[in-house]
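Heads up, the thing below is written out as C-alpha coordinates.
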Amino acid sequence: MIIWQTLRFALGGLAANKVRSALTMLGVLIGVASVILLLAVGNGSSRAVKESITSLGTNSLTVSAGSAAGGSRATSSVKKLTVADAKALASDGDSSAIRSVAPVVTTSGTALYGNISYSPGSIVGTYPAYFETANQKVAHGEYFTDDDVLGSRKVAVLGATTAKQLFDTEDPVGKKIVLGGTPFTVVGVLQAKGGSGFTDPDDVVIAPLPTVQNAFTGFGPVNQILVQAASADTTTAAQAEITRVLLGTHAIADPSKADFRITNQASLLTARESTSKTFTVLLGAVAAISLLVGGIGITNIMLVTVTERTREIGIRKALGAPRAVILGQFLTESTLLSVIGAGLGVAAGIVGSHFSIVGIKPVVIPESVLGAFGIAVAIGLFFGSYPANRAASLRPIDALRHE
(Lines give C-alpha, C1' and ligand atoms only; values in the text may rest on other atoms or scores of the structure.)
Protein backbone atom coordinates (compact mmCIF):
# COMPACT_ATOMS: atom_id res chain seq x y z
CA MET A 1 0.00 0.00 0.00
CA ILE A 2 2.82 2.40 0.94
CA ILE A 3 4.66 1.57 -2.29
CA TRP A 4 1.53 2.23 -4.35
CA GLN A 5 0.95 5.58 -2.61
CA THR A 6 4.58 6.60 -3.15
CA LEU A 7 4.32 5.72 -6.82
CA ARG A 8 1.02 7.61 -7.15
CA PHE A 9 2.49 10.75 -5.53
CA ALA A 10 5.58 10.52 -7.74
CA LEU A 11 3.48 10.24 -10.91
CA GLY A 12 1.41 13.19 -9.76
CA GLY A 13 4.54 15.25 -9.21
CA LEU A 14 5.81 14.50 -12.70
CA ALA A 15 2.43 15.18 -14.27
CA ALA A 16 2.25 18.58 -12.55
CA ASN A 17 5.26 19.71 -14.62
CA LYS A 18 4.75 17.93 -17.93
CA VAL A 19 7.08 20.04 -20.07
CA ARG A 20 9.92 19.95 -17.55
CA SER A 21 9.55 16.20 -17.09
CA ALA A 22 9.42 15.62 -20.85
CA LEU A 23 12.60 17.62 -21.43
CA THR A 24 14.40 15.67 -18.71
CA MET A 25 13.28 12.37 -20.22
CA LEU A 26 14.45 13.62 -23.61
CA GLY A 27 17.96 14.06 -22.25
CA VAL A 28 18.01 10.47 -20.99
CA LEU A 29 16.42 9.26 -24.25
CA ILE A 30 19.17 10.88 -26.33
CA GLY A 31 21.87 9.40 -24.12
CA VAL A 32 20.53 5.83 -24.26
CA ALA A 33 19.75 5.99 -27.99
CA SER A 34 23.24 7.39 -28.68
CA VAL A 35 24.94 4.55 -26.82
CA ILE A 36 22.90 1.87 -28.61
CA LEU A 37 23.24 3.44 -32.08
CA LEU A 38 26.95 4.32 -31.93
CA LEU A 39 27.89 0.88 -30.59
CA ALA A 40 25.69 -0.63 -33.32
CA VAL A 41 27.52 1.41 -35.97
CA GLY A 42 30.88 0.24 -34.62
CA ASN A 43 29.69 -3.37 -34.56
CA GLY A 44 28.21 -3.08 -38.05
CA SER A 45 31.45 -1.62 -39.39
CA SER A 46 33.41 -4.47 -37.81
CA ARG A 47 31.13 -7.10 -39.31
CA ALA A 48 31.24 -5.50 -42.75
CA VAL A 49 35.04 -5.51 -42.73
CA LYS A 50 35.12 -9.09 -41.48
CA GLU A 51 32.70 -10.27 -44.16
CA SER A 52 34.64 -8.42 -46.85
CA ILE A 53 37.92 -10.05 -45.81
CA THR A 54 36.57 -13.55 -45.24
CA SER A 55 34.75 -13.40 -48.59
CA LEU A 56 38.17 -13.73 -50.22
CA GLY A 57 38.56 -17.13 -48.61
CA THR A 58 40.76 -18.26 -45.74
CA ASN A 59 43.28 -19.77 -48.17
CA SER A 60 43.87 -16.58 -50.15
CA LEU A 61 47.20 -14.76 -49.97
CA THR A 62 48.15 -11.36 -51.38
CA VAL A 63 51.71 -10.56 -52.44
CA SER A 64 52.61 -6.85 -52.63
CA ALA A 65 55.81 -4.97 -53.38
CA GLY A 66 57.73 -3.39 -50.51
CA SER A 67 59.43 -4.61 -47.35
CA ALA A 68 57.16 -5.93 -44.60
CA ALA A 69 59.28 -4.00 -42.10
CA GLY A 70 59.17 -0.75 -44.14
CA GLY A 71 62.24 1.45 -43.92
CA SER A 72 64.67 2.23 -46.69
CA ARG A 73 63.78 -0.80 -48.79
CA ALA A 74 60.08 0.18 -48.95
CA THR A 75 60.86 2.86 -51.54
CA SER A 76 60.67 3.33 -55.28
CA SER A 77 64.05 1.60 -55.58
CA VAL A 78 62.53 -1.73 -54.53
CA LYS A 79 62.04 -4.18 -57.38
CA LYS A 80 58.40 -4.29 -58.39
CA LEU A 81 56.35 -7.41 -58.84
CA THR A 82 56.04 -8.61 -62.43
CA VAL A 83 54.13 -11.11 -64.51
CA ALA A 84 57.35 -13.15 -64.55
CA ASP A 85 57.14 -13.46 -60.76
CA ALA A 86 53.58 -14.75 -61.04
CA LYS A 87 54.58 -17.25 -63.73
CA ALA A 88 57.45 -18.47 -61.54
CA LEU A 89 55.02 -19.13 -58.71
CA ALA A 90 52.52 -20.85 -60.99
CA SER A 91 55.15 -23.08 -62.62
CA ASP A 92 56.96 -24.09 -59.44
CA GLY A 93 56.97 -27.88 -59.65
CA ASP A 94 58.23 -28.38 -56.09
CA SER A 95 55.13 -27.04 -54.43
CA SER A 96 51.81 -28.75 -53.84
CA ALA A 97 50.68 -25.98 -51.48
CA ILE A 98 49.84 -23.47 -54.23
CA ARG A 99 46.66 -24.06 -56.25
CA SER A 100 46.51 -20.98 -58.49
CA VAL A 101 48.20 -17.64 -59.14
CA ALA A 102 46.78 -14.42 -60.59
CA PRO A 103 48.79 -11.23 -61.23
CA VAL A 104 46.65 -8.09 -60.86
CA VAL A 105 46.89 -4.56 -62.22
CA THR A 106 44.38 -1.94 -61.14
CA THR A 107 43.57 1.31 -62.87
CA SER A 108 40.69 3.72 -63.37
CA GLY A 109 38.82 5.05 -66.35
CA THR A 110 35.45 5.90 -67.81
CA ALA A 111 33.09 3.30 -69.27
CA LEU A 112 30.73 4.28 -72.10
CA TYR A 113 27.61 2.51 -73.28
CA GLY A 114 25.52 4.40 -75.81
CA ASN A 115 25.00 7.85 -74.33
CA ILE A 116 25.70 6.64 -70.77
CA SER A 117 29.07 7.50 -69.19
CA TYR A 118 30.14 6.00 -65.87
CA SER A 119 33.42 5.73 -63.96
CA PRO A 120 33.60 2.39 -62.11
CA GLY A 121 35.46 2.15 -58.83
CA SER A 122 38.28 0.19 -60.45
CA ILE A 123 39.32 -1.52 -63.67
CA VAL A 124 41.17 -4.77 -62.98
CA GLY A 125 43.41 -6.66 -65.37
CA THR A 126 44.15 -10.24 -64.34
CA TYR A 127 43.99 -13.96 -65.17
CA PRO A 128 40.93 -16.25 -64.90
CA ALA A 129 42.34 -17.71 -61.64
CA TYR A 130 41.52 -14.36 -60.03
CA PHE A 131 37.81 -15.13 -59.90
CA GLU A 132 38.19 -18.25 -57.77
CA THR A 133 40.94 -16.79 -55.59
CA ALA A 134 38.94 -13.61 -54.87
CA ASN A 135 35.69 -15.60 -54.49
CA GLN A 136 34.04 -13.74 -57.39
CA LYS A 137 31.10 -15.78 -58.68
CA VAL A 138 29.37 -15.06 -61.97
CA ALA A 139 25.62 -14.36 -61.83
CA HIS A 140 25.00 -14.79 -65.55
CA GLY A 141 27.18 -15.07 -68.58
CA GLU A 142 30.66 -16.51 -68.05
CA TYR A 143 34.22 -15.67 -67.04
CA PHE A 144 36.85 -14.90 -69.64
CA THR A 145 39.27 -17.76 -70.32
CA ASP A 146 42.98 -18.45 -70.59
CA ASP A 147 42.58 -18.27 -74.38
CA ASP A 148 41.19 -14.74 -73.98
CA VAL A 149 44.33 -13.82 -72.01
CA LEU A 150 46.68 -15.41 -74.55
CA GLY A 151 44.86 -13.68 -77.42
CA SER A 152 44.60 -10.33 -75.58
CA ARG A 153 40.90 -10.34 -76.42
CA LYS A 154 38.83 -7.30 -75.57
CA VAL A 155 36.32 -8.96 -73.25
CA ALA A 156 35.18 -7.91 -69.79
CA VAL A 157 33.26 -9.12 -66.74
CA LEU A 158 31.26 -6.47 -64.88
CA GLY A 159 30.54 -6.13 -61.19
CA ALA A 160 26.86 -5.87 -60.23
CA THR A 161 27.02 -2.13 -59.48
CA THR A 162 28.80 -1.27 -62.72
CA ALA A 163 26.33 -3.36 -64.73
CA LYS A 164 23.42 -1.58 -63.03
CA GLN A 165 24.85 1.87 -63.71
CA LEU A 166 25.55 1.21 -67.39
CA PHE A 167 22.69 -1.08 -68.39
CA ASP A 168 20.01 -0.64 -65.70
CA THR A 169 17.59 -3.55 -66.36
CA GLU A 170 19.06 -4.45 -69.77
CA ASP A 171 21.09 -7.67 -70.02
CA PRO A 172 24.76 -6.62 -70.47
CA VAL A 173 26.02 -9.99 -71.76
CA GLY A 174 27.03 -9.71 -75.40
CA LYS A 175 26.86 -5.90 -75.41
CA LYS A 176 29.87 -3.67 -76.09
CA ILE A 177 31.20 -0.95 -73.81
CA VAL A 178 34.10 1.43 -74.41
CA LEU A 179 36.91 1.69 -71.85
CA GLY A 180 39.63 4.24 -72.47
CA GLY A 181 38.75 4.37 -76.14
CA THR A 182 38.90 0.58 -76.51
CA PRO A 183 35.71 -1.42 -77.18
CA PHE A 184 35.13 -4.40 -74.84
CA THR A 185 32.50 -7.12 -75.15
CA VAL A 186 30.76 -7.97 -71.87
CA VAL A 187 30.87 -11.74 -71.34
CA GLY A 188 29.57 -11.95 -67.78
CA VAL A 189 28.16 -10.18 -64.72
CA LEU A 190 29.31 -11.06 -61.19
CA GLN A 191 27.09 -11.83 -58.23
CA ALA A 192 26.64 -8.89 -55.86
CA LYS A 193 28.85 -9.13 -52.79
CA GLY A 194 27.56 -6.04 -51.02
CA GLY A 195 29.38 -2.93 -49.88
CA SER A 196 31.57 -2.65 -46.80
CA GLY A 197 31.72 0.89 -45.43
CA PHE A 198 32.77 3.42 -48.06
CA THR A 199 33.93 0.94 -50.71
CA ASP A 200 31.82 -1.09 -53.11
CA PRO A 201 33.41 -4.38 -54.23
CA ASP A 202 30.73 -4.68 -56.93
CA ASP A 203 31.80 -1.45 -58.66
CA VAL A 204 34.43 -3.06 -60.91
CA VAL A 205 35.32 -4.05 -64.46
CA ILE A 206 37.57 -7.11 -64.83
CA ALA A 207 39.35 -7.89 -68.10
CA PRO A 208 42.30 -9.98 -69.34
CA LEU A 209 45.62 -8.67 -68.03
CA PRO A 210 47.35 -8.04 -71.41
CA THR A 211 44.31 -6.19 -72.71
CA VAL A 212 44.24 -3.82 -69.73
CA GLN A 213 48.00 -3.34 -69.91
CA ASN A 214 47.78 -2.50 -73.60
CA ALA A 215 44.88 -0.06 -73.14
CA PHE A 216 45.80 1.56 -69.82
CA THR A 217 48.87 0.68 -67.76
CA GLY A 218 51.53 -0.48 -70.20
CA PHE A 219 53.45 -3.74 -69.89
CA GLY A 220 55.25 -2.91 -66.66
CA PRO A 221 54.97 -4.14 -63.08
CA VAL A 222 51.76 -5.43 -61.53
CA ASN A 223 50.11 -4.04 -58.40
CA GLN A 224 49.91 -7.36 -56.61
CA ILE A 225 49.76 -11.11 -57.05
CA LEU A 226 46.88 -13.14 -55.64
CA VAL A 227 47.76 -16.68 -54.65
CA GLN A 228 45.31 -19.38 -53.64
CA ALA A 229 46.67 -22.06 -51.34
CA ALA A 230 45.54 -25.64 -51.89
CA SER A 231 43.54 -25.42 -48.64
CA ALA A 232 43.30 -23.37 -45.46
CA ASP A 233 45.66 -25.87 -43.78
CA THR A 234 48.39 -25.32 -46.39
CA THR A 235 48.37 -21.52 -46.17
CA THR A 236 51.56 -21.43 -44.08
CA ALA A 237 53.32 -23.81 -46.48
CA ALA A 238 52.16 -21.73 -49.46
CA GLN A 239 53.47 -18.57 -47.81
CA ALA A 240 56.87 -20.21 -47.28
CA GLU A 241 56.90 -21.37 -50.90
CA ILE A 242 56.07 -17.88 -52.20
CA THR A 243 58.91 -16.46 -50.13
CA ARG A 244 61.38 -19.05 -51.48
CA VAL A 245 60.43 -18.50 -55.13
CA LEU A 246 60.37 -14.69 -55.02
CA LEU A 247 63.67 -14.48 -53.15
CA GLY A 248 65.08 -16.43 -56.08
CA THR A 249 63.51 -14.32 -58.83
CA HIS A 250 64.57 -11.11 -57.06
CA ALA A 251 68.11 -12.45 -56.41
CA ILE A 252 67.91 -11.87 -52.64
CA ALA A 253 69.95 -14.19 -50.41
CA ASP A 254 68.91 -12.79 -47.02
CA PRO A 255 65.16 -13.34 -46.29
CA SER A 256 65.20 -10.38 -43.89
CA LYS A 257 65.90 -8.13 -46.90
CA ALA A 258 62.91 -9.33 -48.92
CA ASP A 259 61.43 -6.53 -51.04
CA PHE A 260 57.91 -7.98 -50.98
CA ARG A 261 55.33 -8.72 -48.33
CA ILE A 262 52.75 -11.49 -48.08
CA THR A 263 49.40 -10.93 -46.41
CA ASN A 264 47.02 -13.73 -45.53
CA GLN A 265 43.41 -13.17 -44.63
CA ALA A 266 43.81 -14.38 -41.05
CA SER A 267 46.43 -11.75 -40.13
CA LEU A 268 44.54 -9.03 -41.99
CA LEU A 269 41.32 -9.99 -40.23
CA THR A 270 43.00 -9.90 -36.80
CA ALA A 271 44.39 -6.42 -37.44
CA ARG A 272 41.08 -5.08 -38.73
CA GLU A 273 39.11 -6.60 -35.82
CA SER A 274 41.49 -4.99 -33.33
CA THR A 275 41.02 -1.61 -35.01
CA SER A 276 37.24 -2.04 -35.14
CA LYS A 277 37.06 -2.91 -31.43
CA THR A 278 39.00 0.23 -30.55
CA PHE A 279 36.70 2.26 -32.80
CA THR A 280 33.61 0.75 -31.11
CA VAL A 281 34.93 1.47 -27.60
CA LEU A 282 35.65 5.10 -28.53
CA LEU A 283 32.15 5.52 -29.96
CA GLY A 284 30.67 4.02 -26.79
CA ALA A 285 32.72 6.37 -24.60
CA VAL A 286 31.53 9.40 -26.56
CA ALA A 287 27.92 8.24 -26.30
CA ALA A 288 28.28 7.61 -22.53
CA ILE A 289 28.88 11.33 -22.05
CA SER A 290 25.29 11.89 -23.19
CA LEU A 291 24.09 9.66 -20.37
CA LEU A 292 26.14 11.65 -17.87
CA VAL A 293 24.63 14.90 -19.17
CA GLY A 294 21.17 13.36 -18.79
CA GLY A 295 21.96 12.50 -15.16
CA ILE A 296 23.06 16.06 -14.43
CA GLY A 297 19.78 17.22 -15.98
CA ILE A 298 17.85 14.99 -13.56
CA THR A 299 19.71 16.54 -10.61
CA ASN A 300 18.91 20.08 -11.75
CA ILE A 301 15.24 19.31 -12.35
CA MET A 302 14.82 17.53 -9.03
CA LEU A 303 16.51 20.39 -7.14
CA VAL A 304 14.07 22.85 -8.73
CA THR A 305 11.19 20.51 -7.88
CA VAL A 306 12.26 20.27 -4.22
CA THR A 307 12.52 24.06 -3.99
CA GLU A 308 9.07 24.58 -5.53
CA ARG A 309 7.44 22.00 -3.25
CA THR A 310 9.14 22.96 0.00
CA ARG A 311 5.86 24.02 1.67
CA GLU A 312 4.19 20.77 0.55
CA ILE A 313 7.06 18.84 2.15
CA GLY A 314 6.68 20.86 5.35
CA ILE A 315 2.94 20.15 5.54
CA ARG A 316 3.42 16.42 4.97
CA LYS A 317 6.17 16.20 7.61
CA ALA A 318 4.09 18.26 10.05
CA LEU A 319 1.25 15.74 9.57
CA GLY A 320 3.60 12.91 10.50
CA ALA A 321 5.13 11.76 7.19
CA PRO A 322 8.40 10.00 8.08
CA ARG A 323 11.72 10.87 6.44
CA ALA A 324 11.72 7.58 4.48
CA VAL A 325 8.42 8.45 2.76
CA ILE A 326 9.67 11.85 1.57
CA LEU A 327 12.97 10.32 0.48
CA GLY A 328 11.19 7.49 -1.34
CA GLN A 329 8.84 9.85 -3.20
CA PHE A 330 11.58 12.00 -4.70
CA LEU A 331 13.83 9.03 -5.46
CA THR A 332 10.86 7.41 -7.21
CA GLU A 333 10.30 10.55 -9.29
CA SER A 334 13.93 10.71 -10.44
CA THR A 335 13.94 6.97 -11.15
CA LEU A 336 10.72 7.22 -13.16
CA LEU A 337 12.24 10.01 -15.23
CA SER A 338 15.23 7.82 -16.07
CA VAL A 339 13.21 4.61 -16.59
CA ILE A 340 10.72 6.19 -18.99
CA GLY A 341 13.45 8.15 -20.81
CA ALA A 342 15.64 5.03 -21.05
CA GLY A 343 12.74 2.93 -22.36
CA LEU A 344 12.02 5.48 -25.07
CA GLY A 345 15.75 5.67 -25.82
CA VAL A 346 15.93 1.89 -26.32
CA ALA A 347 13.00 2.07 -28.73
CA ALA A 348 14.60 4.98 -30.63
CA GLY A 349 17.96 3.19 -30.81
CA ILE A 350 16.46 -0.04 -32.14
CA VAL A 351 14.35 1.81 -34.73
CA GLY A 352 17.35 3.91 -35.79
CA SER A 353 19.46 0.79 -36.30
CA HIS A 354 17.23 -0.21 -39.23
CA PHE A 355 18.69 2.65 -41.30
CA SER A 356 22.17 2.78 -42.84
CA ILE A 357 24.49 5.38 -41.32
CA VAL A 358 27.38 6.74 -43.44
CA GLY A 359 27.09 3.66 -45.63
CA ILE A 360 27.20 1.22 -42.69
CA LYS A 361 24.32 -1.00 -41.61
CA PRO A 362 24.22 -0.83 -37.78
CA VAL A 363 24.09 -4.14 -35.92
CA VAL A 364 22.63 -3.79 -32.42
CA ILE A 365 24.57 -5.43 -29.59
CA PRO A 366 22.01 -6.92 -27.15
CA GLU A 367 24.33 -6.26 -24.21
CA SER A 368 24.46 -2.56 -25.13
CA VAL A 369 20.66 -2.32 -24.90
CA LEU A 370 20.55 -3.89 -21.44
CA GLY A 371 23.66 -2.00 -20.32
CA ALA A 372 22.45 1.41 -21.50
CA PHE A 373 19.04 0.89 -19.89
CA GLY A 374 20.53 -0.32 -16.59
CA ILE A 375 23.10 2.48 -16.44
CA ALA A 376 20.41 5.08 -17.17
CA VAL A 377 18.27 3.79 -14.30
CA ALA A 378 21.31 3.74 -12.00
CA ILE A 379 22.12 7.31 -13.02
CA GLY A 380 18.56 8.33 -12.12
CA LEU A 381 18.96 6.83 -8.65
CA PHE A 382 22.43 8.30 -8.15
CA PHE A 383 21.74 11.82 -9.37
CA GLY A 384 18.32 11.90 -7.74
CA SER A 385 19.65 10.90 -4.31
CA TYR A 386 21.02 14.35 -3.45
CA PRO A 387 17.78 16.28 -4.11
CA ALA A 388 15.78 13.51 -2.40
CA ASN A 389 18.01 13.66 0.70
CA ARG A 390 17.74 17.43 0.73
CA ALA A 391 13.94 17.22 0.66
CA ALA A 392 13.83 14.54 3.36
CA SER A 393 16.19 16.52 5.62
CA LEU A 394 14.08 19.69 5.68
CA ARG A 395 12.75 20.64 9.13
CA PRO A 396 8.95 21.03 9.09
CA ILE A 397 9.08 24.51 10.61
CA ASP A 398 11.62 25.76 8.04
CA ALA A 399 9.68 24.21 5.18
CA LEU A 400 6.42 25.82 6.30
CA ARG A 401 8.07 29.23 6.52
CA HIS A 402 9.43 28.94 2.96
CA GLU A 403 8.02 31.46 0.48
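Chain lettering (A, B, ...) mirrors the order of the C-alpha coordinates, residue numbering begins at 1 for each chain separately, and ligand numbering begins at 1 in order of display.
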So that I can see what lies close to Pro208 of chain A, please list as a PDB file with N, CA, C and O atoms, in the first residue's frame the residues with an atom at most 7 Å from it, counting only C-alpha atoms and leaving out residues fewer than 3 positions away in the same chain.
ATOM      1  N   GLY A 125      42.887  -5.757 -64.359  1.00  0.00           N
ATOM      2  CA  GLY A 125      43.413  -6.664 -65.372  1.00  0.00           C
ATOM      3  C   GLY A 125      44.045  -7.858 -64.679  1.00  0.00           C
ATOM      4  O   GLY A 125      44.863  -7.685 -63.767  1.00  0.00           O
ATOM      5  N   THR A 126      43.664  -9.066 -65.058  1.00  0.00           N
ATOM      6  CA  THR A 126      44.148 -10.242 -64.342  1.00  0.00           C
ATOM      7  C   THR A 126      43.989 -11.501 -65.183  1.00  0.00           C
ATOM      8  O   THR A 126      43.652 -11.424 -66.378  1.00  0.00           O
ATOM      9  N   TYR A 127      44.181 -12.659 -64.550  1.00  0.00           N
ATOM     10  CA  TYR A 127      43.993 -13.962 -65.173  1.00  0.00           C
ATOM     11  C   TYR A 127      42.690 -14.579 -64.675  1.00  0.00           C
ATOM     12  O   TYR A 127      42.155 -14.158 -63.631  1.00  0.00           O
ATOM     13  N   ASP A 148      41.419 -16.186 -73.860  1.00  0.00           N
ATOM     14  CA  ASP A 148      41.187 -14.743 -73.982  1.00  0.00           C
ATOM     15  C   ASP A 148      42.430 -13.961 -73.535  1.00  0.00           C
ATOM     16  O   ASP A 148      42.760 -12.909 -74.104  1.00  0.00           O
ATOM     17  N   VAL A 149      43.106 -14.484 -72.492  1.00  0.00           N
ATOM     18  CA  VAL A 149      44.327 -13.824 -72.008  1.00  0.00           C
ATOM     19  C   VAL A 149      45.440 -13.959 -73.046  1.00  0.00           C
ATOM     20  O   VAL A 149      46.108 -12.977 -73.396  1.00  0.00           O
ATOM     21  N   SER A 152      44.827 -11.753 -75.937  1.00  0.00           N
ATOM     22  CA  SER A 152      44.595 -10.330 -75.582  1.00  0.00           C
ATOM     23  C   SER A 152      43.241  -9.856 -76.096  1.00  0.00           C
ATOM     24  O   SER A 152      43.106  -8.752 -76.645  1.00  0.00           O
ATOM     25  N   THR A 211      45.196  -7.179 -72.083  1.00  0.00           N
ATOM     26  CA  THR A 211      44.310  -6.194 -72.708  1.00  0.00           C
ATOM     27  C   THR A 211      44.303  -4.894 -71.914  1.00  0.00           C
ATOM     28  O   THR A 211      44.377  -3.794 -72.475  1.00  0.00           O
ATOM     29  N   VAL A 212      44.230  -5.005 -70.586  1.00  0.00           N
ATOM     30  CA  VAL A 212      44.239  -3.819 -69.727  1.00  0.00           C
ATOM     31  C   VAL A 212      45.602  -3.138 -69.787  1.00  0.00           C
ATOM     32  O   VAL A 212      45.696  -1.900 -69.824  1.00  0.00           O
TER      33      VAL A 212
END
**OP:** From a DSSP calculation on the backbone, collect every residue of segment 182-277 of chain A in strand (DSSP E or B) and output the set as a PyMOL selection string.
**Re:** chain A and resi 182-190+196+199+204-208+224-229+260-264
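For the pair atom CA of Ile30 of chain A and atom CA of Leu327 of chain A, the interatomic distance is 27.5 Å.
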**OP:** Would you return as a PyMOL selection string the members of segment 167-345 of chain A that DSSP assigns to helix (DSSP H, G or I) on this structure's backbone?
**Re:** chain A and resi 167+209-217+232-249+255-257+265-308+310-318+323-345
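What separates atom CA of Ile123 of chain A from atom CA of Thr106 of chain A is a distance of 5.7 Å.
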Original post:
Residues at most 9 Å from Ser60 of chain A, counting only C-alpha atoms, excluding those fewer than 5 positions away in the same chain, as a PyMOL selection string?
Top reply: chain A and resi 133-134+226-229+231-232+235+263-265
Original post:
Between A:Leu291, A:Leu39, A:Val346, A:Ala258, which is the closest to Ala378 of chain A once you count only C-alpha atoms?
Top reply: A:Leu291
**OP:** Would you list the contacts of Asn43 of chain A as a PyMOL selection string, taking every protein, DNA or RNA residue within 7 Å and counting only C-alpha atoms, but skipping same-chain residues closer than 5 positions in sequence?
**Re:** chain A and resi 280+362-363
Generate the output file for the selected residues, N, CA, C and O atoms, as a short mmCIF file (atom, residue, chain, number, x, y, z; two decimals), in the first residue's frame.
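Below is the file that was written, selection-v2.cif:
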data_model
loop_
_atom_site.label_atom_id
_atom_site.label_comp_id
_atom_site.auth_asym_id
_atom_site.auth_seq_id
_atom_site.Cartn_x
_atom_site.Cartn_y
_atom_site.Cartn_z
N THR A 280 34.88 0.94 -31.80
CA THR A 280 33.61 0.75 -31.11
C THR A 280 33.67 1.27 -29.68
O THR A 280 32.73 1.91 -29.19
N PRO A 362 23.98 -0.56 -39.21
CA PRO A 362 24.22 -0.83 -37.78
C PRO A 362 23.73 -2.22 -37.38
O PRO A 362 22.72 -2.70 -37.87
N VAL A 363 24.47 -2.84 -36.48
CA VAL A 363 24.09 -4.14 -35.92
C VAL A 363 24.03 -3.98 -34.41
O VAL A 363 25.06 -3.80 -33.75
#
Show me, as a tab-separated table (two decimals) with N, CA and C atoms, in the first residue's frame, the residues that have an atom within 12 Å of Asp146 of chain A when counting only C-alpha atoms, minus same-chain residues fewer than 4 positions from it.
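Final output, saved to around-v2.tsv:
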chain	number	residue	atom	x	y	z
A	102	ALA	N	47.37	-15.42	-59.70
A	102	ALA	CA	46.78	-14.42	-60.59
A	102	ALA	C	47.43	-13.06	-60.37
A	126	THR	N	43.66	-9.07	-65.06
A	126	THR	CA	44.15	-10.24	-64.34
A	126	THR	C	43.99	-11.50	-65.18
A	127	TYR	N	44.18	-12.66	-64.55
A	127	TYR	CA	43.99	-13.96	-65.17
A	127	TYR	C	42.69	-14.58	-64.67
A	128	PRO	N	42.17	-15.61	-65.36
A	128	PRO	CA	40.93	-16.25	-64.90
A	128	PRO	C	41.00	-16.80	-63.48
A	129	ALA	N	42.21	-17.18	-63.01
A	129	ALA	CA	42.34	-17.71	-61.64
A	129	ALA	C	41.92	-16.69	-60.59
A	130	TYR	N	41.91	-15.42	-60.97
A	130	TYR	CA	41.52	-14.36	-60.03
A	130	TYR	C	40.12	-14.58	-59.48
A	150	LEU	N	45.63	-15.18	-73.56
A	150	LEU	CA	46.68	-15.41	-74.55
A	150	LEU	C	46.45	-14.60	-75.82
A	151	GLY	N	45.18	-14.43	-76.21
A	151	GLY	CA	44.86	-13.68	-77.42
A	151	GLY	C	44.63	-12.20	-77.18
A	152	SER	N	44.83	-11.75	-75.94
A	152	SER	CA	44.60	-10.33	-75.58
A	152	SER	C	43.24	-9.86	-76.10
A	153	ARG	N	42.23	-10.69	-75.91
A	153	ARG	CA	40.90	-10.34	-76.42
A	153	ARG	C	40.26	-9.25	-75.57
A	155	VAL	N	37.53	-8.49	-73.92
A	155	VAL	CA	36.32	-8.96	-73.25
A	155	VAL	C	36.38	-8.50	-71.79
A	207	ALA	N	39.03	-7.52	-66.72
A	207	ALA	CA	39.35	-7.89	-68.10
A	207	ALA	C	40.68	-8.64	-68.13
A	208	PRO	N	41.01	-9.29	-69.23
A	208	PRO	CA	42.30	-9.98	-69.34
A	208	PRO	C	43.47	-9.03	-69.10
A	209	LEU	N	44.48	-9.50	-68.40
A	209	LEU	CA	45.62	-8.67	-68.03
A	209	LEU	C	46.30	-7.99	-69.22
A	210	PRO	N	46.67	-8.72	-70.29
A	210	PRO	CA	47.35	-8.04	-71.41
A	210	PRO	C	46.50	-6.96	-72.06
Original post:
Counting only C-alpha atoms, what is within 8 Å of Lys80 of chain A, bar same-chain residues fewer than 2 positions away, as a PyMOL selection string?
Top reply: chain A and resi 65-66+78+82+221-222
Original post:
Given the choices A:Asp200, A:Glu312, A:Glu132, A:Asp254, which gets closest to Ala160 of chain A if the distance is worked out from only C-alpha atoms?
Top reply: A:Asp200
Original post:
What's the 12 Å shell around Asp203 of chain A, counting only C-alpha atoms, without same-chain residues fewer than 5 positions away, as a PyMOL selection string?
Top reply: chain A and resi 108+111+118-124+157-166+189-196+198
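Separating atom CA of Gln329 of chain A from atom CA of Val35 of chain A is a distance of 29.1 Å.
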